[in-house]
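Chemist: So that you have it, the file is structure38.pdb, and it contains PDB, N, CA and C atoms:
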ATOM      1  N   MET A   1       0.837  -1.183   0.000
ATOM      2  CA  MET A   1       0.000   0.000   0.000
ATOM      3  C   MET A   1       0.883   1.248   0.000
ATOM      4  N   ALA A   2       0.630   2.128  -0.939
ATOM      5  CA  ALA A   2       1.436   3.346  -1.072
ATOM      6  C   ALA A   2       1.017   4.372  -0.036
ATOM      7  N   LYS A   3       1.996   5.082   0.483
ATOM      8  CA  LYS A   3       1.733   6.130   1.465
ATOM      9  C   LYS A   3       1.457   7.443   0.751
ATOM     10  N   THR A   4       0.668   8.290   1.383
ATOM     11  CA  THR A   4       0.433   9.621   0.833
ATOM     12  C   THR A   4       1.606  10.525   1.185
ATOM     13  N   ALA A   5       1.653  11.677   0.536
ATOM     14  CA  ALA A   5       2.749  12.618   0.784
ATOM     15  C   ALA A   5       2.739  13.104   2.229
ATOM     16  N   HIS A   6       1.545  13.244   2.815
ATOM     17  CA  HIS A   6       1.453  13.718   4.200
ATOM     18  C   HIS A   6       1.918  12.651   5.189
ATOM     19  N   GLU A   7       1.833  11.385   4.826
ATOM     20  CA  GLU A   7       2.327  10.317   5.698
ATOM     21  C   GLU A   7       3.842  10.187   5.610
ATOM     22  N   ILE A   8       4.432  10.558   4.474
ATOM     23  CA  ILE A   8       5.888  10.458   4.296
ATOM     24  C   ILE A   8       6.589  11.628   4.984
ATOM     25  N   VAL A   9       6.139  12.850   4.716
ATOM     26  CA  VAL A   9       6.746  14.048   5.321
ATOM     27  C   VAL A   9       5.981  14.354   6.600
ATOM     28  N   ILE A  10       6.639  14.172   7.742
ATOM     29  CA  ILE A  10       5.964  14.329   9.026
ATOM     30  C   ILE A  10       5.955  15.787   9.475
ATOM     31  N   ARG A  11       7.139  16.429   9.494
ATOM     32  CA  ARG A  11       7.204  17.825   9.932
ATOM     33  C   ARG A  11       8.516  18.440   9.468
ATOM     34  N   PRO A  12       8.556  19.770   9.327
ATOM     35  CA  PRO A  12       9.831  20.433   9.034
ATOM     36  C   PRO A  12      10.662  20.552  10.305
ATOM     37  N   ILE A  13      11.965  20.547  10.169
ATOM     38  CA  ILE A  13      12.878  20.720  11.297
ATOM     39  C   ILE A  13      13.317  22.185  11.311
ATOM     40  N   ILE A  14      12.959  22.884  12.378
ATOM     41  CA  ILE A  14      13.300  24.299  12.521
ATOM     42  C   ILE A  14      14.376  24.403  13.600
ATOM     43  N   SER A  15      15.619  24.545  13.169
ATOM     44  CA  SER A  15      16.726  24.716  14.103
ATOM     45  C   SER A  15      17.705  25.717  13.495
ATOM     46  N   GLU A  16      18.655  26.118  14.287
ATOM     47  CA  GLU A  16      19.638  27.081  13.793
ATOM     48  C   GLU A  16      20.434  26.508  12.631
ATOM     49  N   ALA A  17      20.828  25.247  12.749
ATOM     50  CA  ALA A  17      21.615  24.612  11.688
ATOM     51  C   ALA A  17      20.793  24.443  10.409
ATOM     52  N   SER A  18      19.519  24.081  10.547
ATOM     53  CA  SER A  18      18.707  23.877   9.349
ATOM     54  C   SER A  18      18.371  25.204   8.667
ATOM     55  N   MET A  19      18.293  26.293   9.424
ATOM     56  CA  MET A  19      17.993  27.595   8.831
ATOM     57  C   MET A  19      19.171  28.126   8.010
ATOM     58  N   ILE A  20      20.387  27.715   8.340
ATOM     59  CA  ILE A  20      21.558  28.121   7.554
ATOM     60  C   ILE A  20      21.470  27.526   6.147
ATOM     61  N   GLY A  21      20.959  26.303   6.047
ATOM     62  CA  GLY A  21      20.846  25.640   4.750
ATOM     63  C   GLY A  21      19.780  26.225   3.848
ATOM     64  N   VAL A  22      18.808  26.935   4.409
ATOM     65  CA  VAL A  22      17.719  27.502   3.604
ATOM     66  C   VAL A  22      18.259  28.477   2.561
ATOM     67  N   ALA A  23      19.334  29.192   2.869
ATOM     68  CA  ALA A  23      19.927  30.132   1.915
ATOM     69  C   ALA A  23      20.445  29.406   0.677
ATOM     70  N   ASN A  24      20.845  28.150   0.815
ATOM     71  CA  ASN A  24      21.347  27.339  -0.306
ATOM     72  C   ASN A  24      20.289  26.406  -0.859
ATOM     73  N   LYS A  25      19.018  26.668  -0.546
ATOM     74  CA  LYS A  25      17.885  25.839  -0.987
ATOM     75  C   LYS A  25      17.983  24.420  -0.461
ATOM     76  N   LYS A  26      18.435  24.274   0.796
ATOM     77  CA  LYS A  26      18.466  22.979   1.474
ATOM     78  C   LYS A  26      17.485  23.042   2.632
ATOM     79  N   TYR A  27      16.488  22.167   2.605
ATOM     80  CA  TYR A  27      15.433  22.165   3.610
ATOM     81  C   TYR A  27      15.448  20.839   4.356
ATOM     82  N   THR A  28      15.197  20.868   5.650
ATOM     83  CA  THR A  28      15.283  19.692   6.507
ATOM     84  C   THR A  28      13.900  19.298   6.996
ATOM     85  N   PHE A  29      13.585  17.990   6.895
ATOM     86  CA  PHE A  29      12.289  17.471   7.315
ATOM     87  C   PHE A  29      12.466  16.189   8.112
ATOM     88  N   GLU A  30      11.521  15.935   9.025
ATOM     89  CA  GLU A  30      11.399  14.611   9.630
ATOM     90  C   GLU A  30      10.493  13.811   8.706
ATOM     91  N   VAL A  31      10.921  12.592   8.362
ATOM     92  CA  VAL A  31      10.167  11.771   7.419
ATOM     93  C   VAL A  31       9.890  10.404   8.033
ATOM     94  N   ALA A  32       9.021   9.640   7.380
ATOM     95  CA  ALA A  32       8.701   8.291   7.841
ATOM     96  C   ALA A  32       9.954   7.431   7.798
ATOM     97  N   LYS A  33      10.111   6.554   8.794
ATOM     98  CA  LYS A  33      11.332   5.754   8.908
ATOM     99  C   LYS A  33      11.520   4.790   7.739
ATOM    100  N   ASP A  34      10.421   4.345   7.112
ATOM    101  CA  ASP A  34      10.534   3.377   6.026
ATOM    102  C   ASP A  34      10.472   4.023   4.644
ATOM    103  N   ALA A  35      10.518   5.362   4.569
ATOM    104  CA  ALA A  35      10.449   6.058   3.282
ATOM    105  C   ALA A  35      11.819   6.093   2.616
ATOM    106  N   GLY A  36      11.849   5.873   1.312
ATOM    107  CA  GLY A  36      13.076   5.939   0.534
ATOM    108  C   GLY A  36      13.296   7.338  -0.027
ATOM    109  N   LYS A  37      14.477   7.565  -0.611
ATOM    110  CA  LYS A  37      14.818   8.885  -1.127
ATOM    111  C   LYS A  37      13.903   9.303  -2.272
ATOM    112  N   ILE A  38      13.552   8.374  -3.142
ATOM    113  CA  ILE A  38      12.688   8.688  -4.277
ATOM    114  C   ILE A  38      11.293   9.057  -3.788
ATOM    115  N   GLU A  39      10.774   8.311  -2.812
ATOM    116  CA  GLU A  39       9.461   8.622  -2.244
ATOM    117  C   GLU A  39       9.462   9.999  -1.579
ATOM    118  N   ILE A  40      10.534  10.319  -0.866
ATOM    119  CA  ILE A  40      10.636  11.610  -0.187
ATOM    120  C   ILE A  40      10.652  12.739  -1.211
ATOM    121  N   ALA A  41      11.435  12.579  -2.290
ATOM    122  CA  ALA A  41      11.519  13.607  -3.327
ATOM    123  C   ALA A  41      10.155  13.833  -3.977
ATOM    124  N   GLN A  42       9.439  12.762  -4.279
ATOM    125  CA  GLN A  42       8.115  12.896  -4.897
ATOM    126  C   GLN A  42       7.131  13.565  -3.946
ATOM    127  N   ALA A  43       7.203  13.243  -2.660
ATOM    128  CA  ALA A  43       6.300  13.837  -1.678
ATOM    129  C   ALA A  43       6.552  15.339  -1.528
ATOM    130  N   ILE A  44       7.809  15.752  -1.492
ATOM    131  CA  ILE A  44       8.143  17.175  -1.367
ATOM    132  C   ILE A  44       7.672  17.929  -2.605
ATOM    133  N   GLU A  45       7.887  17.351  -3.791
ATOM    134  CA  GLU A  45       7.441  18.002  -5.018
ATOM    135  C   GLU A  45       5.921  18.146  -5.044
ATOM    136  N   GLU A  46       5.210  17.126  -4.558
ATOM    137  CA  GLU A  46       3.750  17.165  -4.549
ATOM    138  C   GLU A  46       3.219  18.173  -3.526
ATOM    139  N   LEU A  47       3.804  18.200  -2.334
ATOM    140  CA  LEU A  47       3.300  19.078  -1.270
ATOM    141  C   LEU A  47       3.585  20.552  -1.524
ATOM    142  N   PHE A  48       4.795  20.864  -1.987
ATOM    143  CA  PHE A  48       5.216  22.259  -2.071
ATOM    144  C   PHE A  48       5.324  22.790  -3.503
ATOM    145  N   GLY A  49       5.178  21.934  -4.517
ATOM    146  CA  GLY A  49       5.246  22.377  -5.906
ATOM    147  C   GLY A  49       6.619  22.874  -6.312
ATOM    148  N   VAL A  50       7.670  22.177  -5.884
ATOM    149  CA  VAL A  50       9.050  22.557  -6.196
ATOM    150  C   VAL A  50       9.728  21.416  -6.946
ATOM    151  N   LYS A  51      10.950  21.668  -7.451
ATOM    152  CA  LYS A  51      11.734  20.643  -8.143
ATOM    153  C   LYS A  51      12.898  20.226  -7.247
ATOM    154  N   VAL A  52      12.975  18.939  -6.922
ATOM    155  CA  VAL A  52      14.003  18.425  -6.016
ATOM    156  C   VAL A  52      15.199  17.935  -6.822
ATOM    157  N   GLU A  53      16.396  18.368  -6.431
ATOM    158  CA  GLU A  53      17.620  17.907  -7.085
ATOM    159  C   GLU A  53      18.139  16.634  -6.435
ATOM    160  N   LYS A  54      18.273  16.636  -5.081
ATOM    161  CA  LYS A  54      18.747  15.438  -4.388
ATOM    162  C   LYS A  54      18.223  15.412  -2.968
ATOM    163  N   VAL A  55      18.291  14.217  -2.377
ATOM    164  CA  VAL A  55      17.812  13.993  -1.017
ATOM    165  C   VAL A  55      18.891  13.243  -0.246
ATOM    166  N   ASN A  56      19.280  13.780   0.909
ATOM    167  CA  ASN A  56      20.186  13.082   1.823
ATOM    168  C   ASN A  56      19.375  12.668   3.046
ATOM    169  N   THR A  57      19.520  11.401   3.468
ATOM    170  CA  THR A  57      18.761  10.923   4.621
ATOM    171  C   THR A  57      19.706  10.421   5.696
ATOM    172  N   MET A  58      19.210  10.440   6.943
ATOM    173  CA  MET A  58      19.982   9.887   8.053
ATOM    174  C   MET A  58      19.028   9.446   9.148
ATOM    175  N   HIS A  59      19.424   8.404   9.858
ATOM    176  CA  HIS A  59      18.658   7.925  11.000
ATOM    177  C   HIS A  59      19.196   8.610  12.251
ATOM    178  N   VAL A  60      18.295   9.150  13.051
ATOM    179  CA  VAL A  60      18.679   9.840  14.287
ATOM    180  C   VAL A  60      18.325   8.914  15.450
ATOM    181  N   ARG A  61      19.334   8.558  16.236
ATOM    182  CA  ARG A  61      19.098   7.669  17.374
ATOM    183  C   ARG A  61      18.355   8.385  18.483
ATOM    184  N   GLY A  62      17.592   7.620  19.242
ATOM    185  CA  GLY A  62      16.931   8.178  20.416
ATOM    186  C   GLY A  62      17.953   8.489  21.493
ATOM    187  N   ARG A  63      17.720   9.546  22.249
ATOM    188  CA  ARG A  63      18.653   9.941  23.302
ATOM    189  C   ARG A  63      18.173   9.443  24.655
ATOM    190  N   LEU A  64      19.116   9.194  25.533
ATOM    191  CA  LEU A  64      18.801   8.766  26.888
ATOM    192  C   LEU A  64      18.308   9.964  27.690
ATOM    193  N   LYS A  65      17.144   9.852  28.272
ATOM    194  CA  LYS A  65      16.576  10.904  29.108
ATOM    195  C   LYS A  65      16.317  10.340  30.496
ATOM    196  N   ARG A  66      16.513  11.176  31.520
ATOM    197  CA  ARG A  66      16.278  10.747  32.900
ATOM    198  C   ARG A  66      15.294  11.683  33.569
ATOM    199  N   MET A  67      14.446  11.109  34.417
ATOM    200  CA  MET A  67      13.591  11.889  35.305
ATOM    201  C   MET A  67      13.718  11.242  36.678
ATOM    202  N   GLY A  68      14.569  11.825  37.511
ATOM    203  CA  GLY A  68      14.826  11.236  38.815
ATOM    204  C   GLY A  68      15.565   9.922  38.666
ATOM    205  N   ARG A  69      15.010   8.864  39.244
ATOM    206  CA  ARG A  69      15.696   7.565  39.152
ATOM    207  C   ARG A  69      15.232   6.759  37.946
ATOM    208  N   TYR A  70      14.303   7.277  37.155
ATOM    209  CA  TYR A  70      13.809   6.570  35.975
ATOM    210  C   TYR A  70      14.504   7.103  34.734
ATOM    211  N   GLN A  71      14.757   6.219  33.814
ATOM    212  CA  GLN A  71      15.390   6.643  32.578
ATOM    213  C   GLN A  71      14.826   5.843  31.416
ATOM    214  N   GLY A  72      14.916   6.437  30.235
ATOM    215  CA  GLY A  72      14.438   5.777  29.024
ATOM    216  C   GLY A  72      14.974   6.523  27.823
ATOM    217  N   TYR A  73      14.645   6.020  26.661
ATOM    218  CA  TYR A  73      15.132   6.613  25.428
ATOM    219  C   TYR A  73      14.000   7.310  24.691
ATOM    220  N   THR A  74      14.321   8.470  24.069
ATOM    221  CA  THR A  74      13.366   9.116  23.186
ATOM    222  C   THR A  74      13.301   8.286  21.907
ATOM    223  N   PRO A  75      12.218   8.371  21.151
ATOM    224  CA  PRO A  75      12.113   7.542  19.951
ATOM    225  C   PRO A  75      13.132   7.932  18.883
ATOM    226  N   SER A  76      13.595   6.944  18.124
ATOM    227  CA  SER A  76      14.480   7.226  16.996
ATOM    228  C   SER A  76      13.607   7.684  15.825
ATOM    229  N   TRP A  77      14.210   8.445  14.882
ATOM    230  CA  TRP A  77      13.467   8.972  13.748
ATOM    231  C   TRP A  77      14.389   9.168  12.566
ATOM    232  N   LYS A  78      13.829   9.505  11.417
ATOM    233  CA  LYS A  78      14.603   9.672  10.201
ATOM    234  C   LYS A  78      14.520  11.117   9.739
ATOM    235  N   LYS A  79      15.667  11.665   9.339
ATOM    236  CA  LYS A  79      15.763  13.050   8.900
ATOM    237  C   LYS A  79      16.170  13.077   7.437
ATOM    238  N   ALA A  80      15.562  13.983   6.663
ATOM    239  CA  ALA A  80      15.904  14.139   5.251
ATOM    240  C   ALA A  80      16.268  15.590   4.987
ATOM    241  N   ILE A  81      17.412  15.797   4.315
ATOM    242  CA  ILE A  81      17.815  17.124   3.871
ATOM    243  C   ILE A  81      17.595  17.153   2.361
ATOM    244  N   VAL A  82      16.658  18.008   1.935
ATOM    245  CA  VAL A  82      16.231  18.061   0.540
ATOM    246  C   VAL A  82      16.857  19.281  -0.111
ATOM    247  N   THR A  83      17.597  19.072  -1.216
ATOM    248  CA  THR A  83      18.202  20.156  -1.973
ATOM    249  C   THR A  83      17.346  20.397  -3.211
ATOM    250  N   LEU A  84      16.947  21.651  -3.421
ATOM    251  CA  LEU A  84      16.130  22.006  -4.574
ATOM    252  C   LEU A  84      17.009  22.404  -5.752
ATOM    253  N   LYS A  85      16.459  22.285  -6.970
ATOM    254  CA  LYS A  85      17.187  22.700  -8.169
ATOM    255  C   LYS A  85      17.314  24.214  -8.193
ATOM    256  N   ALA A  86      18.307  24.708  -8.942
ATOM    257  CA  ALA A  86      18.587  26.144  -8.981
ATOM    258  C   ALA A  86      17.419  26.930  -9.570
ATOM    259  N   ASP A  87      16.689  26.346 -10.531
ATOM    260  CA  ASP A  87      15.583  27.063 -11.167
ATOM    261  C   ASP A  87      14.255  26.861 -10.444
ATOM    262  N   SER A  88      14.263  26.144  -9.330
ATOM    263  CA  SER A  88      13.042  25.881  -8.573
ATOM    264  C   SER A  88      12.706  27.063  -7.663
ATOM    265  N   LYS A  89      11.411  27.229  -7.387
ATOM    266  CA  LYS A  89      11.012  28.280  -6.442
ATOM    267  C   LYS A  89      11.339  27.823  -5.023
ATOM    268  N   LYS A  90      11.368  28.767  -4.076
ATOM    269  CA  LYS A  90      11.660  28.433  -2.687
ATOM    270  C   LYS A  90      10.396  27.955  -1.990
ATOM    271  N   ILE A  91      10.572  27.257  -0.864
ATOM    272  CA  ILE A  91       9.429  26.794  -0.067
ATOM    273  C   ILE A  91       9.009  27.959   0.830
ATOM    274  N   ASP A  92       7.762  28.408   0.667
ATOM    275  CA  ASP A  92       7.293  29.609   1.370
ATOM    276  C   ASP A  92       7.260  29.434   2.878
ATOM    277  N   PHE A  93       7.027  28.218   3.354
ATOM    278  CA  PHE A  93       6.903  27.969   4.785
ATOM    279  C   PHE A  93       8.152  28.411   5.543
ATOM    280  N   PHE A  94       9.336  28.157   4.982
ATOM    281  CA  PHE A  94      10.585  28.457   5.665
ATOM    282  C   PHE A  94      10.977  29.935   5.546
ATOM    283  N   GLU A  95      10.434  30.646   4.566
ATOM    284  CA  GLU A  95      10.886  32.013   4.310
ATOM    285  C   GLU A  95      10.495  32.967   5.438
ATOM    286  N   GLY A  96       9.422  32.704   6.158
ATOM    287  CA  GLY A  96       9.007  33.585   7.239
ATOM    288  C   GLY A  96       9.719  33.341   8.545
ATOM    289  N   MET A  97      10.667  32.402   8.604
ATOM    290  CA  MET A  97      11.322  32.017   9.848
ATOM    291  C   MET A  97      12.518  32.905  10.207
ATOM    292  N   PHE A  98      12.982  33.727   9.281
ATOM    293  CA  PHE A  98      14.178  34.533   9.560
ATOM    294  C   PHE A  98      13.856  35.721  10.408
TER     295      PHE A  98
END
As structure tokens, what does this structure read like?
Modeler:
Amino acid sequence: MAKTAHEIVIRPIISEASMIGVANKKYTFEVAKDAGKIEIAQAIEELFGVKVEKVNTMHVRGRLKRMGRYQGYTPSWKKAIVTLKADSKKIDFFEGMF
């Protein structure tokens, strides 16, 4: 069963490091753990109406968190850095963050 674009792209990552990449048309998203690079590129193109040049993905491990004497791990997740083509328009969502 194929996933929809909204199921593949979970949320944008808004951090200081990811905002530096916006100037070079590199946008960072949290994506589904089982999504491939081609699926991610198609989902971004469908959601935002842009042209994707390449997609870099990485798995982010859960971190150890403690509350008093109890400890556990935050969930692991997958991150995708999407680079847009030079002739593509920018993603409007990120432009208001500066």
Chemist: Output the residue selection produced by the PyMOL selection byres (((chain A and resi 3 and name CA) around 12) and name CA) on the file above, formatted as a PyMOL selection string.
Modeler: chain A and resi 1-2+4-10+31-32+34-36+39-40+42-43
Chemist: Mind giving me the straight-line distance from atom CA of A:Ala23 to atom CA of A:Trp77 in Å, one decimal?
Modeler: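 These atoms are spaced 25.1 Å apart.
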Chemist: Hey, what comes out of the PyMOL selection byres (((chain A and resi 12 and name CA) around 7) and name CA) on this file? Could you write it as a list in words?
Modeler: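 Checked against the file, the PyMOL selection byres (((chain A and resi 12 and name CA) around 7) and name CA) matches Arg11, Ile13, Ile14, Thr28, Phe29 and Glu30 of chain A.
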Chemist: What does the distance from atom N of A:Tyr27 to atom N of A:Tyr73 come to in Å, to one decimal?
Modeler: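 The value is 29.0 Å.
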Chemist: Env of A:Ser88: 8 Å cut, atoms = only C-alpha atoms, seq-sep filter 6 positions within chain, self excluded. Answer as a PyMOL selection string.
Modeler: chain A and resi 50-52
Chemist: Go ahead and write the selection's residues with N, CA and C atoms as a PDB file, in the coordinates of the input.
Modeler:
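The resulting file, part-v5.pdb, is shown below:
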ATOM      1  N   VAL A  50       7.670  22.177  -5.884  1.00  0.00           N
ATOM      2  CA  VAL A  50       9.050  22.557  -6.196  1.00  0.00           C
ATOM      3  C   VAL A  50       9.728  21.416  -6.946  1.00  0.00           C
ATOM      4  N   LYS A  51      10.950  21.668  -7.451  1.00  0.00           N
ATOM      5  CA  LYS A  51      11.734  20.643  -8.143  1.00  0.00           C
ATOM      6  C   LYS A  51      12.898  20.226  -7.247  1.00  0.00           C
ATOM      7  N   VAL A  52      12.975  18.939  -6.922  1.00  0.00           N
ATOM      8  CA  VAL A  52      14.003  18.425  -6.016  1.00  0.00           C
ATOM      9  C   VAL A  52      15.199  17.935  -6.822  1.00  0.00           C
TER      10      VAL A  52
END
Chemist: Might you spell out which residues the PyMOL selection byres (((chain A and resi 74 and name CA) around 6) and name CA) would select in the displayed file, as a list in words?
Modeler: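 This file gives the following for the PyMOL selection byres (((chain A and resi 74 and name CA) around 6) and name CA): Gly62, Arg63, Tyr73 and Pro75 of chain A.
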Chemist: From the set A:Ser15, A:Gly49, A:Ser76, A:Ile38, which residue has the shortest atom-to-atom contact distance to A:Lys89, counting only C-alpha atoms?
Modeler: A:Gly49
